[in-house]
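Visitor: upload.txt is reproduced in full below (compact mmCIF, C-alpha atoms and all ligand atoms).
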# COMPACT_ATOMS: atom_id res chain seq x y z
CA MET A 1 -18.81 80.92 58.65
CA LYS A 2 -15.51 79.68 57.17
CA SER A 3 -15.55 76.96 54.51
CA ILE A 4 -12.72 74.46 54.86
CA THR A 5 -11.28 71.87 52.51
CA ILE A 6 -9.49 69.02 54.28
CA LEU A 7 -6.96 67.18 52.16
CA GLY A 8 -6.35 63.90 54.01
CA SER A 9 -9.48 63.79 56.19
CA THR A 10 -9.02 60.11 57.10
CA GLY A 11 -5.58 60.60 58.66
CA SER A 12 -4.50 61.65 62.13
CA ILE A 13 -4.51 65.40 61.40
CA GLY A 14 -7.65 65.07 59.26
CA THR A 15 -9.67 63.36 61.99
CA ASN A 16 -8.47 65.88 64.59
CA ALA A 17 -9.49 68.71 62.25
CA LEU A 18 -12.97 67.24 61.97
CA LYS A 19 -13.23 67.20 65.80
CA VAL A 20 -12.27 70.90 65.84
CA ILE A 21 -14.91 71.65 63.19
CA GLU A 22 -17.60 69.54 64.89
CA ALA A 23 -17.13 71.46 68.15
CA LYS A 24 -17.62 74.78 66.33
CA LYS A 25 -20.34 74.09 63.79
CA GLU A 26 -21.48 77.70 63.95
CA LYS A 27 -18.04 78.88 62.70
CA PHE A 28 -16.73 76.21 60.35
CA LYS A 29 -18.14 74.02 57.65
CA VAL A 30 -16.45 71.37 55.49
CA ILE A 31 -16.77 72.21 51.81
CA GLY A 32 -14.36 69.59 50.47
CA MET A 33 -12.71 66.45 51.78
CA SER A 34 -10.15 64.01 50.36
CA ALA A 35 -9.10 60.51 51.35
CA TYR A 36 -6.80 58.03 49.62
CA SER A 37 -7.69 54.42 50.47
CA ASN A 38 -9.83 54.36 53.62
CA LEU A 39 -13.26 54.28 51.95
CA GLU A 40 -15.18 53.08 55.01
CA LEU A 41 -14.04 55.92 57.29
CA PHE A 42 -14.44 58.40 54.43
CA LYS A 43 -18.10 57.36 53.99
CA GLU A 44 -18.75 57.90 57.71
CA GLN A 45 -17.16 61.35 57.49
CA ILE A 46 -19.22 62.24 54.39
CA GLU A 47 -22.47 61.25 56.18
CA LYS A 48 -21.55 63.39 59.15
CA PHE A 49 -20.08 66.51 57.51
CA ASN A 50 -21.85 66.48 54.14
CA PRO A 51 -19.18 68.24 52.01
CA LYS A 52 -20.02 69.25 48.46
CA TYR A 53 -16.71 68.15 46.92
CA LEU A 54 -14.96 64.80 47.43
CA CYS A 55 -11.75 63.22 46.22
CA ILE A 56 -10.45 59.66 46.67
CA GLY A 57 -7.29 57.83 45.51
CA SER A 58 -8.69 55.44 42.88
CA GLU A 59 -11.18 55.73 40.03
CA LYS A 60 -12.88 52.53 41.29
CA ASN A 61 -13.61 54.07 44.69
CA ALA A 62 -14.69 57.32 43.01
CA GLU A 63 -17.31 55.30 41.06
CA ILE A 64 -18.60 53.79 44.32
CA LEU A 65 -18.88 57.28 45.83
CA LYS A 66 -20.69 58.59 42.73
CA ARG A 67 -23.34 55.87 43.09
CA LEU A 68 -23.77 56.62 46.79
CA TYR A 69 -23.71 60.42 46.50
CA PRO A 70 -24.96 61.41 42.99
CA GLU A 71 -25.50 65.03 44.06
CA LYS A 72 -21.82 65.59 44.95
CA THR A 73 -18.81 66.52 42.81
CA ILE A 74 -16.37 63.64 43.01
CA TYR A 75 -12.74 63.62 41.85
CA PHE A 76 -9.98 61.03 42.12
CA GLY A 77 -6.20 60.64 41.96
CA ASP A 78 -3.48 63.28 41.88
CA ASP A 79 -5.37 65.45 39.36
CA GLY A 80 -8.43 65.35 41.60
CA LEU A 81 -6.31 66.47 44.54
CA LYS A 82 -5.13 69.51 42.56
CA LEU A 83 -8.76 70.42 41.80
CA MET A 84 -9.57 70.09 45.50
CA GLY A 85 -6.80 72.56 46.36
CA ALA A 86 -8.35 75.08 43.97
CA LEU A 87 -12.03 75.05 45.04
CA ASP A 88 -13.44 78.58 44.70
CA GLU A 89 -15.84 78.10 47.61
CA ALA A 90 -13.11 77.29 50.15
CA ASP A 91 -11.68 79.91 52.51
CA ILE A 92 -9.09 77.58 54.05
CA VAL A 93 -7.32 74.51 52.68
CA LEU A 94 -5.90 72.19 55.34
CA THR A 95 -3.09 70.11 53.84
CA ALA A 96 -3.14 66.98 55.99
CA ILE A 97 -1.73 64.56 53.44
CA SER A 98 1.51 62.79 54.20
CA GLY A 99 4.43 63.29 51.79
CA ALA A 100 5.52 65.36 48.80
CA VAL A 101 2.32 64.33 47.00
CA GLY A 102 0.81 67.34 48.79
CA ILE A 103 2.87 69.90 46.85
CA GLU A 104 0.63 70.45 43.84
CA ALA A 105 -2.63 70.91 45.75
CA THR A 106 -0.84 73.47 47.94
CA VAL A 107 0.38 75.27 44.82
CA GLU A 108 -3.20 75.38 43.48
CA ALA A 109 -4.52 76.75 46.78
CA ILE A 110 -1.91 79.52 46.76
CA LYS A 111 -2.75 80.43 43.16
CA LYS A 112 -6.37 80.82 44.29
CA GLU A 113 -5.13 83.06 47.14
CA LYS A 114 -6.47 80.83 49.91
CA ARG A 115 -5.33 80.46 53.48
CA VAL A 116 -3.31 77.24 53.59
CA ALA A 117 -3.35 75.59 57.03
CA LEU A 118 -0.15 73.64 56.46
CA ALA A 119 0.38 70.33 58.24
CA ASN A 120 2.08 68.69 55.26
CA LYS A 121 5.68 69.66 56.15
CA GLU A 122 7.15 67.70 53.20
CA THR A 123 5.77 70.40 50.88
CA MET A 124 7.82 73.15 52.52
CA VAL A 125 10.91 70.94 52.66
CA ALA A 126 10.88 69.73 49.06
CA ALA A 127 9.47 72.87 47.46
CA GLY A 128 9.90 75.67 50.03
CA ASP A 129 11.82 78.06 47.76
CA TYR A 130 9.26 77.59 45.00
CA ILE A 131 6.32 78.06 47.38
CA ASN A 132 7.87 81.23 48.83
CA LYS A 133 8.30 82.67 45.32
CA LEU A 134 4.68 81.84 44.58
CA LEU A 135 3.50 83.54 47.79
CA LYS A 136 5.12 86.76 46.55
CA GLU A 137 3.22 86.45 43.25
CA TYR A 138 -0.07 85.82 45.08
CA PRO A 139 0.17 88.19 48.08
CA LYS A 140 -3.36 87.50 49.33
CA ALA A 141 -2.51 83.82 49.85
CA GLU A 142 -1.09 82.88 53.23
CA ILE A 143 0.38 79.86 54.96
CA ILE A 144 -0.44 79.33 58.63
CA PRO A 145 1.60 76.50 60.15
CA VAL A 146 -0.15 73.54 61.77
CA ASP A 147 2.93 71.47 62.68
CA SER A 148 3.01 71.87 66.49
CA GLU A 149 6.54 73.32 66.65
CA HIS A 150 5.91 75.83 63.86
CA SER A 151 2.57 76.82 65.30
CA ALA A 152 4.41 77.37 68.62
CA LEU A 153 7.09 79.49 66.90
CA PHE A 154 4.42 81.43 65.00
CA GLN A 155 2.41 82.03 68.18
CA SER A 156 5.55 83.05 70.12
CA MET A 157 6.46 85.59 67.42
CA GLN A 158 3.10 87.37 67.42
CA GLY A 159 3.51 91.07 68.12
CA SER A 160 7.22 91.16 67.30
CA ARG A 161 9.20 92.24 64.24
CA LYS A 162 11.37 89.84 62.24
CA GLU A 163 14.54 91.80 63.13
CA GLU A 164 13.84 91.17 66.83
CA VAL A 165 14.07 87.38 66.44
CA LYS A 166 17.52 85.96 67.29
CA ASN A 167 17.09 82.16 67.43
CA LEU A 168 14.41 79.55 66.90
CA ILE A 169 14.58 76.70 69.41
CA ILE A 170 12.72 73.65 68.15
CA THR A 171 11.93 71.01 70.73
CA ALA A 172 12.10 67.26 69.99
CA SER A 173 10.66 64.45 72.07
CA GLY A 174 13.68 62.34 71.11
CA GLY A 175 11.35 59.67 69.75
CA THR A 176 10.78 56.16 70.98
CA PHE A 177 14.51 55.24 70.88
CA ARG A 178 15.83 58.21 72.86
CA GLY A 179 19.01 57.22 74.73
CA LYS A 180 19.70 54.11 72.61
CA THR A 181 23.10 53.30 71.07
CA LEU A 182 23.79 52.45 67.41
CA GLU A 183 24.31 48.82 68.44
CA GLU A 184 20.89 48.77 70.12
CA LEU A 185 19.23 50.27 67.04
CA LYS A 186 20.60 47.72 64.54
CA ASP A 187 17.72 45.27 64.77
CA VAL A 188 14.78 47.34 66.06
CA THR A 189 11.40 46.31 64.67
CA VAL A 190 8.72 48.32 62.90
CA GLU A 191 6.42 47.76 65.87
CA GLU A 192 8.98 49.23 68.29
CA ALA A 193 9.66 52.22 66.01
CA LEU A 194 5.93 52.99 65.81
CA LYS A 195 5.58 53.59 69.57
CA HIS A 196 5.75 57.36 69.93
CA PRO A 197 6.10 58.39 73.59
CA ASN A 198 3.71 61.38 73.47
CA TRP A 199 1.81 61.77 70.22
CA SER A 200 -0.64 59.59 68.30
CA MET A 201 0.15 60.19 64.61
CA GLY A 202 0.31 58.54 61.19
CA LYS A 203 2.92 55.82 60.58
CA LYS A 204 5.25 57.83 58.36
CA ILE A 205 5.70 60.76 60.75
CA THR A 206 6.02 58.37 63.71
CA ILE A 207 8.97 56.61 62.04
CA ASP A 208 10.43 60.04 61.18
CA SER A 209 10.15 60.93 64.82
CA SER A 210 12.06 57.80 65.87
CA THR A 211 14.93 58.60 63.45
CA LEU A 212 14.74 62.33 64.29
CA VAL A 213 14.34 62.93 60.55
CA ASN A 214 11.05 64.58 61.59
CA LYS A 215 13.08 67.16 63.50
CA GLY A 216 15.34 67.56 60.47
CA LEU A 217 12.31 68.16 58.25
CA GLU A 218 11.08 70.67 60.83
CA VAL A 219 14.39 72.58 60.79
CA ILE A 220 14.07 73.07 57.02
CA GLU A 221 10.34 73.81 57.35
CA ALA A 222 11.14 76.52 59.95
CA HIS A 223 13.79 78.07 57.71
CA MET A 224 11.37 78.14 54.78
CA LEU A 225 8.38 79.45 56.77
CA PHE A 226 10.10 82.10 58.88
CA GLY A 227 13.16 83.02 56.76
CA VAL A 228 15.54 82.46 59.70
CA ASP A 229 19.13 81.35 58.82
CA TYR A 230 20.12 77.79 59.68
CA GLU A 231 22.83 79.16 62.03
CA ASN A 232 19.99 80.58 64.14
CA ILE A 233 17.93 77.41 64.39
CA GLU A 234 18.60 74.98 67.23
CA VAL A 235 17.05 71.65 68.20
CA LEU A 236 16.75 70.62 71.86
CA VAL A 237 15.51 67.28 73.15
CA HIS A 238 12.56 67.87 75.49
CA PRO A 239 11.07 64.42 76.22
CA GLN A 240 7.87 65.76 77.84
CA SER A 241 6.56 67.49 74.63
CA ILE A 242 4.97 70.25 76.72
CA ILE A 243 6.99 73.20 75.42
CA HIS A 244 6.24 72.98 71.72
CA SER A 245 9.08 75.34 70.69
CA MET A 246 10.58 78.69 71.65
CA VAL A 247 11.78 81.93 70.13
CA GLU A 248 14.81 83.73 71.55
CA PHE A 249 14.77 87.46 70.89
CA VAL A 250 17.61 90.00 70.54
CA ASP A 251 17.21 91.04 74.20
CA ASN A 252 17.74 87.36 75.24
CA SER A 253 14.12 86.99 76.27
CA ILE A 254 12.77 83.55 75.35
CA ILE A 255 9.07 83.14 74.60
CA ALA A 256 7.68 79.60 74.55
CA GLN A 257 4.32 78.14 73.66
CA ILE A 258 3.23 75.54 76.20
CA GLY A 259 0.28 73.19 76.08
CA ALA A 260 -0.98 69.63 76.15
CA PRO A 261 0.40 67.45 73.33
CA ASP A 262 -2.80 67.80 71.30
CA MET A 263 -2.87 68.76 67.60
CA LYS A 264 -6.38 70.20 67.84
CA LEU A 265 -5.03 73.50 69.18
CA PRO A 266 -2.56 74.23 66.33
CA ILE A 267 -5.23 73.12 63.83
CA GLN A 268 -7.86 75.44 65.31
CA TYR A 269 -5.38 78.33 65.59
CA ALA A 270 -4.58 77.99 61.89
CA PHE A 271 -8.33 78.27 61.21
CA THR A 272 -9.08 81.20 63.56
CA TYR A 273 -5.81 83.21 63.38
CA PRO A 274 -5.41 86.09 64.26
CA GLU A 275 -8.20 85.36 66.73
CA ARG A 276 -8.07 82.81 69.56
CA GLU A 277 -11.21 80.96 70.54
CA GLY A 278 -12.26 78.62 73.31
CA SER A 279 -13.61 75.20 72.35
CA SER A 280 -14.80 72.05 74.10
CA ALA A 281 -12.57 70.11 71.68
CA LEU A 282 -9.34 71.50 73.14
CA GLU A 283 -7.38 69.74 75.89
CA ARG A 284 -6.26 71.73 78.92
CA LEU A 285 -2.79 71.42 80.41
CA ASN A 286 -2.78 71.04 84.19
CA LEU A 287 0.56 72.57 85.21
CA LYS A 288 0.26 71.10 88.73
CA THR A 289 0.60 67.57 87.35
CA LEU A 290 3.90 68.29 85.58
CA LYS A 291 6.86 66.71 87.34
CA GLU A 292 9.69 68.19 85.27
CA LEU A 293 10.55 69.94 82.03
CA THR A 294 14.02 68.96 80.79
CA PHE A 295 16.24 69.87 77.84
CA SER A 296 19.33 68.21 76.36
CA GLN A 297 21.40 68.06 73.18
CA VAL A 298 20.51 65.72 70.31
CA ASP A 299 22.82 62.69 70.10
CA ASN A 300 23.95 63.40 66.54
CA GLU A 301 26.31 60.39 66.42
CA VAL A 302 23.34 58.03 66.71
CA PHE A 303 20.37 60.00 65.37
CA LYS A 304 21.63 61.54 62.13
CA GLY A 305 18.26 62.94 60.99
CA VAL A 306 18.87 66.47 62.27
CA GLN A 307 22.43 66.91 61.00
CA LEU A 308 21.62 65.52 57.56
CA ALA A 309 18.79 68.04 57.31
CA PHE A 310 21.05 70.94 58.30
CA GLN A 311 23.48 69.74 55.63
CA ALA A 312 20.73 69.53 52.98
CA GLY A 313 19.21 72.86 54.03
CA LYS A 314 22.52 74.74 53.93
CA ILE A 315 23.31 73.36 50.45
CA GLY A 316 19.77 74.40 49.50
CA LYS A 317 18.28 74.42 45.97
CA THR A 318 17.17 70.85 45.16
CA MET A 319 19.04 69.16 48.06
CA PRO A 320 16.21 69.44 50.64
CA CYS A 321 13.95 67.76 48.05
CA VAL A 322 16.42 64.85 47.81
CA PHE A 323 16.62 64.62 51.61
CA ASN A 324 12.84 64.38 51.74
CA SER A 325 12.24 62.02 48.79
CA ALA A 326 14.98 59.59 49.86
CA ASN A 327 13.54 59.53 53.37
CA GLU A 328 9.96 58.99 52.16
CA VAL A 329 10.92 55.88 50.21
CA ALA A 330 13.29 54.64 52.93
CA VAL A 331 10.48 54.86 55.50
CA GLU A 332 8.10 53.04 53.13
CA LEU A 333 10.67 50.23 52.70
CA PHE A 334 11.33 50.06 56.44
CA LEU A 335 7.57 49.80 57.13
CA LYS A 336 7.40 46.95 54.58
CA GLY A 337 10.25 45.15 56.35
CA GLN A 338 12.58 45.50 53.34
CA ILE A 339 15.35 47.50 55.01
CA LYS A 340 16.72 47.87 58.54
CA PHE A 341 16.14 50.94 60.69
CA LEU A 342 19.69 52.34 60.33
CA GLU A 343 19.57 51.94 56.55
CA ILE A 344 17.17 54.90 56.51
CA TYR A 345 20.17 57.16 57.27
CA GLU A 346 22.39 55.31 54.78
CA ILE A 347 19.82 55.85 52.00
CA ILE A 348 19.44 59.57 52.71
CA GLU A 349 23.20 60.08 52.94
CA LYS A 350 23.94 58.22 49.69
CA ALA A 351 21.11 59.90 47.77
CA MET A 352 22.45 63.30 48.88
CA GLU A 353 26.04 62.37 47.98
CA LEU A 354 25.00 61.33 44.47
CA HIS A 355 22.81 64.35 43.78
CA LYS A 356 24.04 67.25 41.64
CA VAL A 357 22.13 70.29 42.90
CA LYS A 358 20.01 72.29 40.48
CA GLU A 359 18.43 75.73 40.51
CA ILE A 360 14.68 75.57 41.15
CA ASP A 361 13.26 77.64 38.30
CA SER A 362 10.02 75.68 37.96
CA LEU A 363 7.89 73.12 39.72
CA GLU A 364 9.00 70.62 37.05
CA VAL A 365 12.55 70.70 38.45
CA ILE A 366 11.28 69.61 41.86
CA LYS A 367 9.00 66.96 40.36
CA ASN A 368 11.87 65.49 38.34
CA VAL A 369 14.34 65.45 41.25
CA ASP A 370 11.68 63.84 43.44
CA LYS A 371 11.00 61.19 40.78
CA GLU A 372 14.69 60.43 40.11
CA THR A 373 15.50 60.16 43.81
CA ARG A 374 12.58 57.81 44.47
CA LYS A 375 13.61 55.63 41.51
CA TRP A 376 17.22 55.45 42.75
CA VAL A 377 16.09 54.29 46.21
CA TYR A 378 13.66 51.69 44.82
CA ASP A 379 16.21 50.38 42.30
CA ASN A 380 18.89 49.96 44.95
CA TYR A 381 17.00 48.96 48.11
CA ALA A 382 13.53 47.58 47.33
CA LYS A 383 13.24 43.80 47.55
CA ASP A 384 10.07 43.24 45.50
N1 LIG B 1 -0.21 63.45 62.87
C1 LIG B 1 0.26 64.50 63.47
O1 LIG B 1 0.00 64.73 64.65
C2 LIG B 1 1.12 65.47 62.72
C3 LIG B 1 1.27 65.38 61.35
N2 LIG B 1 1.99 66.33 60.67
C4 LIG B 1 2.11 66.22 59.23
O2 LIG B 1 0.79 66.18 58.67
C5 LIG B 1 0.75 65.34 57.53
C6 LIG B 1 -0.28 64.24 57.75
O3 LIG B 1 0.15 63.42 58.81
P1 LIG B 1 -0.79 62.32 59.46
O4 LIG B 1 -2.17 62.86 59.61
O5 LIG B 1 -0.08 61.83 60.65
O6 LIG B 1 -0.76 61.20 58.34
P2 LIG B 1 -1.75 59.95 58.17
O7 LIG B 1 -0.94 58.88 57.55
O8 LIG B 1 -2.45 59.67 59.43
O9 LIG B 1 -2.83 60.48 57.11
C7 LIG B 1 -2.49 60.76 55.79
C8 LIG B 1 -3.71 61.18 55.01
O10 LIG B 1 -3.33 61.38 53.64
C9 LIG B 1 -4.04 60.46 52.79
N3 LIG B 1 -3.08 59.99 51.79
C10 LIG B 1 -2.10 59.09 51.95
N4 LIG B 1 -1.42 58.91 50.79
C11 LIG B 1 -2.00 59.70 49.88
C12 LIG B 1 -1.79 59.95 48.49
N5 LIG B 1 -0.81 59.33 47.80
N6 LIG B 1 -2.60 60.82 47.85
C13 LIG B 1 -3.59 61.45 48.54
N7 LIG B 1 -3.84 61.27 49.83
C14 LIG B 1 -3.05 60.41 50.50
C15 LIG B 1 -4.53 59.35 53.70
O11 LIG B 1 -5.68 58.73 53.15
P3 LIG B 1 -6.18 57.22 53.56
O12 LIG B 1 -5.99 57.12 55.03
O13 LIG B 1 -7.62 57.26 53.14
O14 LIG B 1 -5.38 56.25 52.78
C16 LIG B 1 -4.82 60.14 54.97
O15 LIG B 1 -6.06 60.81 54.85
C17 LIG B 1 2.17 64.83 57.33
O16 LIG B 1 2.86 65.63 56.44
C18 LIG B 1 2.78 64.96 58.73
O17 LIG B 1 4.18 65.11 58.70
C19 LIG B 1 2.59 67.37 61.30
C20 LIG B 1 2.50 67.49 62.65
C21 LIG B 1 1.77 66.55 63.47
C1 LIG B 2 2.89 66.75 66.83
C2 LIG B 2 3.99 67.16 65.96
O1 LIG B 2 4.10 68.29 65.57
C3 LIG B 2 4.98 66.14 65.56
O2 LIG B 2 5.80 66.60 64.51
C4 LIG B 2 5.77 65.86 66.79
O3 LIG B 2 6.55 66.98 67.03
C5 LIG B 2 6.57 64.65 66.67
O4 LIG B 2 7.33 64.52 67.78
P1 LIG B 2 8.92 64.52 67.79
O5 LIG B 2 9.33 65.68 68.60
O6 LIG B 2 9.22 63.19 68.42
O7 LIG B 2 9.42 64.57 66.38
MN MN B 3 6.02 68.57 64.65
Please rewrite the model in this file as structure tokens.
Guide:
Amino acid sequence: MKSITILGSTGSIGTNALKVIEAKKEKFKVIGMSAYSNLELFKEQIEKFNPKYLCIGSEKNAEILKRLYPEKTIYFGDDGLKLMGALDEADIVLTAISGAVGIEATVEAIKKEKRVALANKETMVAAGDYINKLLKEYPKAEIIPVDSEHSALFQSMQGSRKEEVKNLIITASGGTFRGKTLEELKDVTVEEALKHPNWSMGKKITIDSSTLVNKGLEVIEAHMLFGVDYENIEVLVHPQSIIHSMVEFVDNSIIAQIGAPDMKLPIQYAFTYPEREGSSALERLNLKTLKELTFSQVDNEVFKGVQLAFQAGKIGKTMPCVFNSANEVAVELFLKGQIKFLEIYEIIEKAMELHKVKEIDSLEVIKNVDKETRKWVYDNYAKD
């Protein structure tokens, strides 16, 4: 029986993880669970999965939970999240929170030498170098990717040595605006940007997918997770989202992971690795129903998310953190109707231009750069 802490149980990854766990009650149990604002759904999940440790965004909601569940340990806020990452009784910590707010809980989980099932890609983008240093200090800790592309790359690499890997080929759906011109993107609405063609996900990642910043984040995430140079990472538009990514080896063989667009498989694999297990929760891909699998280049003139990420990644040090923080606030402002879609790129570009890169010698450096970048975006673009 593996005990799992889910950070972000009320989100898209969190609810999928609970379906995976529910289908395999004999193997997995939820020891801890965190939510931020969705108290109603959180209460339903607590009734069903009965975890010992809980964490919620506000002190007020924590008080409500304490009255309802006096026998449980209940934390709140960012400090509570850190405690949740460090629970002694957990075997696996699933980081299913959206944004750089997930960094510190991940750090705590590594220090406790846990398996981190990592969905929260912003952590590896903003703090990848720091996390990798920490993993060397705590060799029993491990990160197993949950992001579908990185799970696909990880699965495709099984049984091979690092020196045998030539290129990582990350597939992108192209997002809801695939094929559009800059002129057509000028006045797109939040509602239009939130229509992902293949995946049902949280709002932030869905906007990132429509700008292709998600693919940019994934390029940096892949570099940080697998130690492959940026020159050997390629992004290809594959609108069907059936091939979740591919690895090209030194003998030119390409190994791909193929499956239904369903996050339950990468989540379960991160729990069971190195084993594979069948489950009634997992969707099956019927190859006979597939009409075509196509690949094309990213239109970098229109969708600048990938190139900006390559730029930030190659500069390295604190620049990927700036890329991520500027994007997080830009997406928040776009969702609030305070900026236009194309301003997301403008904000990232300007924040990167203004930033003087620093060595990452502590977590404080990342926290400060994150804070300064967020402040700059709010000061210059927020309308309230
Ligand atoms: N959704 C997907 O299919 C995929 C997601 N990912 C990555 O996984 C992560 C989660 O994505 P997704 O599930 O879509 O996101 P959602 O927005 O659906 O869920 C986010 C979760 O985090 C909680 N949360 C939000 N803000 C905070 C905060 N400030 N402090 C603590 N908790 C917070 C939310 O709580 P509440 O709802 O209670 O407010 C919710 O439980 C992201 O990093 C994303 O990039 C990667 C690949 C695929
Ligand atoms: C499911 C998943 O991993 C997402 O990151 C997904 O890849 C988003 O789709 P895009 O390819 O449109 O960014
Ligand atoms: Mn992905």
Visitor: Excluding Glu275 (chain A) and any residue of its chain fewer than 6 positions from it, enumerate the residues within 12 Å of it, using only C-alpha atoms, and give them as a list in words.
Guide: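 What passes the distance filter is Gln155, Gln158, Gln268 and Tyr269 of chain A.
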Visitor: Within 7 Å of ligand MN 3 (chain B), counting all atoms listed in the file, which protein or nucleic acid residues do you find, written as a PyMOL selection string?
Guide: chain A and resi 147-149+218
Visitor: Okay, now the selection with C-alpha atoms, as an mmCIF file, in the coordinates of the input?
Guide:
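The result, written out as selection08.cif:
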data_model
loop_
_atom_site.group_PDB
_atom_site.id
_atom_site.type_symbol
_atom_site.label_atom_id
_atom_site.label_comp_id
_atom_site.auth_asym_id
_atom_site.auth_seq_id
_atom_site.Cartn_x
_atom_site.Cartn_y
_atom_site.Cartn_z
ATOM 1 C CA ASP A 147 2.930 71.470 62.680
ATOM 2 C CA SER A 148 3.010 71.870 66.490
ATOM 3 C CA GLU A 149 6.540 73.320 66.650
ATOM 4 C CA GLU A 218 11.080 70.670 60.830
#
Visitor: Could you tell me which of A:Glu221, A:Glu292, A:Glu364, A:Asp370 comes closest to ligand LIG 2 (chain B) if we count only C-alpha atoms and all ligand atoms?
Guide: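 Once distances to ligand LIG 2 (chain B) are computed over only C-alpha atoms and all ligand atoms, the minimum belongs to A:Glu221.
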Visitor: What is the CA of Ala351 (chain A)-CA of Lys375 (chain A) distance in Å, reported with one decimal?
Guide: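 A separation of 10.7 Å between them.
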Visitor: Which polymer residues have any atom within 10 Å of an atom of Ala330 (chain A), counting all atoms listed in the file, with same-chain residues fewer than 3 positions away left out, as number ranges by chain?
Guide: A: 324-327, 333-336, 338-341, 343-348, 374, 377-378, 381-382
Visitor: Once you have the residues from the selection above, write them out as an mmCIF file, keeping the file's coordinate frame, restricted to C-alpha atoms.
Guide:
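Full text of selection-v1.cif as output:
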data_model
loop_
_atom_site.group_PDB
_atom_site.id
_atom_site.type_symbol
_atom_site.label_atom_id
_atom_site.label_comp_id
_atom_site.auth_asym_id
_atom_site.auth_seq_id
_atom_site.Cartn_x
_atom_site.Cartn_y
_atom_site.Cartn_z
ATOM 1 C CA ASN A 324 12.840 64.380 51.740
ATOM 2 C CA SER A 325 12.240 62.020 48.790
ATOM 3 C CA ALA A 326 14.980 59.590 49.860
ATOM 4 C CA ASN A 327 13.540 59.530 53.370
ATOM 5 C CA LEU A 333 10.670 50.230 52.700
ATOM 6 C CA PHE A 334 11.330 50.060 56.440
ATOM 7 C CA LEU A 335 7.570 49.800 57.130
ATOM 8 C CA LYS A 336 7.400 46.950 54.580
ATOM 9 C CA GLN A 338 12.580 45.500 53.340
ATOM 10 C CA ILE A 339 15.350 47.500 55.010
ATOM 11 C CA LYS A 340 16.720 47.870 58.540
ATOM 12 C CA PHE A 341 16.140 50.940 60.690
ATOM 13 C CA GLU A 343 19.570 51.940 56.550
ATOM 14 C CA ILE A 344 17.170 54.900 56.510
ATOM 15 C CA TYR A 345 20.170 57.160 57.270
ATOM 16 C CA GLU A 346 22.390 55.310 54.780
ATOM 17 C CA ILE A 347 19.820 55.850 52.000
ATOM 18 C CA ILE A 348 19.440 59.570 52.710
ATOM 19 C CA ARG A 374 12.580 57.810 44.470
ATOM 20 C CA VAL A 377 16.090 54.290 46.210
ATOM 21 C CA TYR A 378 13.660 51.690 44.820
ATOM 22 C CA TYR A 381 17.000 48.960 48.110
ATOM 23 C CA ALA A 382 13.530 47.580 47.330
#
Visitor: Once 3 Å is added on each side, what are the centre and the three edge lengths, in Å to one decimal, of the axis-aligned box enclosing the listed atoms of ligand LIG 2 (chain B)? Present them as lines of an AutoDock Vina configuration file.
Guide:
center_x = 6.2
center_y = 65.7
center_z = 66.6
size_x = 12.5
size_y = 11.1
size_z = 10.1
Visitor: So how far away is CA of Gln307 (chain A) from CA of Thr171 (chain A), in Å?
Guide: 14.9 Å
Visitor: With distances taken over all atoms listed in the file, which residue among A:Ser362, A:Ser160, A:Thr176, A:Asn16 lies nearest ligand LIG 2 (chain B)?
Guide: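 Answer, going by the shortest atom-to-atom distance: A:Thr176.
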Visitor: Which is closer to Glu183 (chain A) than all the others in A:Leu212, A:Leu217, A:Val107, A:Leu342, using only C-alpha atoms?
Guide: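 Looking only at the distances to Glu183 (chain A), the closest residue turns out to be A:Leu342.
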Visitor: Lys66 (chain A): which residues within 12 Å, counting only C-alpha atoms, same-chain residues fewer than 6 positions away excluded, as number ranges by chain?
Guide: A: 43, 53-56, 59-60, 72-76
Visitor: Using only C-alpha atoms, find each residue of region 255-357 of chain A with at least one atom at most 12 Å away from an atom of region 224-232 of chain A; report its shortest atom-to-atom pair and that distance in Å (one decimal), sort the rows by chain and rising residue number, and return the result as CSV.
Guide:
residue,atom,partner,partner_atom,distance
A:Val306,CA,A:Tyr230,CA,11.7
A:Gln307,CA,A:Tyr230,CA,11.2
A:Ala309,CA,A:Tyr230,CA,10.1
A:Phe310,CA,A:Tyr230,CA,7.0
A:Gln311,CA,A:Tyr230,CA,9.6
A:Ala312,CA,A:Tyr230,CA,10.7
A:Gly313,CA,A:Tyr230,CA,7.6
A:Lys314,CA,A:Tyr230,CA,6.9
A:Ile315,CA,A:Tyr230,CA,10.7
A:Gly316,CA,A:Met224,CA,10.6
A:Lys317,CA,A:Met224,CA,11.8
A:Pro320,CA,A:Met224,CA,10.8
Visitor: Go through A:Met319, A:Ile92, A:Leu236, A:Val369 and flag the residue nearest ligand LIG 2 (chain B), using only C-alpha atoms and all ligand atoms for the distances.
Guide: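 Smallest distance to ligand LIG 2 (chain B) is found for A:Leu236.
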Visitor: Just give me the residues with any atom within 12 Å of (-26.7, 60.8, 54.5), file coordinates, counting only C-alpha atoms, written as a list in words.
Guide: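 Collected hits near the coordinates: Lys43, Glu44, Gln45, Ile46, Glu47, Lys48, Phe49, Asn50, Pro51, Leu68, Tyr69, Pro70, Glu71 and Lys72 of chain A.
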Visitor: Could those selected residues go to a file with C-alpha atoms, as a short mmCIF file (atom, residue, chain, number, x, y, z; two decimals), in the coordinates of the input?
Guide:
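result_12.cif, freshly written:
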data_model
loop_
_atom_site.label_atom_id
_atom_site.label_comp_id
_atom_site.auth_asym_id
_atom_site.auth_seq_id
_atom_site.Cartn_x
_atom_site.Cartn_y
_atom_site.Cartn_z
CA LYS A 43 -18.10 57.36 53.99
CA GLU A 44 -18.75 57.90 57.71
CA GLN A 45 -17.16 61.35 57.49
CA ILE A 46 -19.22 62.24 54.39
CA GLU A 47 -22.47 61.25 56.18
CA LYS A 48 -21.55 63.39 59.15
CA PHE A 49 -20.08 66.51 57.51
CA ASN A 50 -21.85 66.48 54.14
CA PRO A 51 -19.18 68.24 52.01
CA LEU A 68 -23.77 56.62 46.79
CA TYR A 69 -23.71 60.42 46.50
CA PRO A 70 -24.96 61.41 42.99
CA GLU A 71 -25.50 65.03 44.06
CA LYS A 72 -21.82 65.59 44.95
#
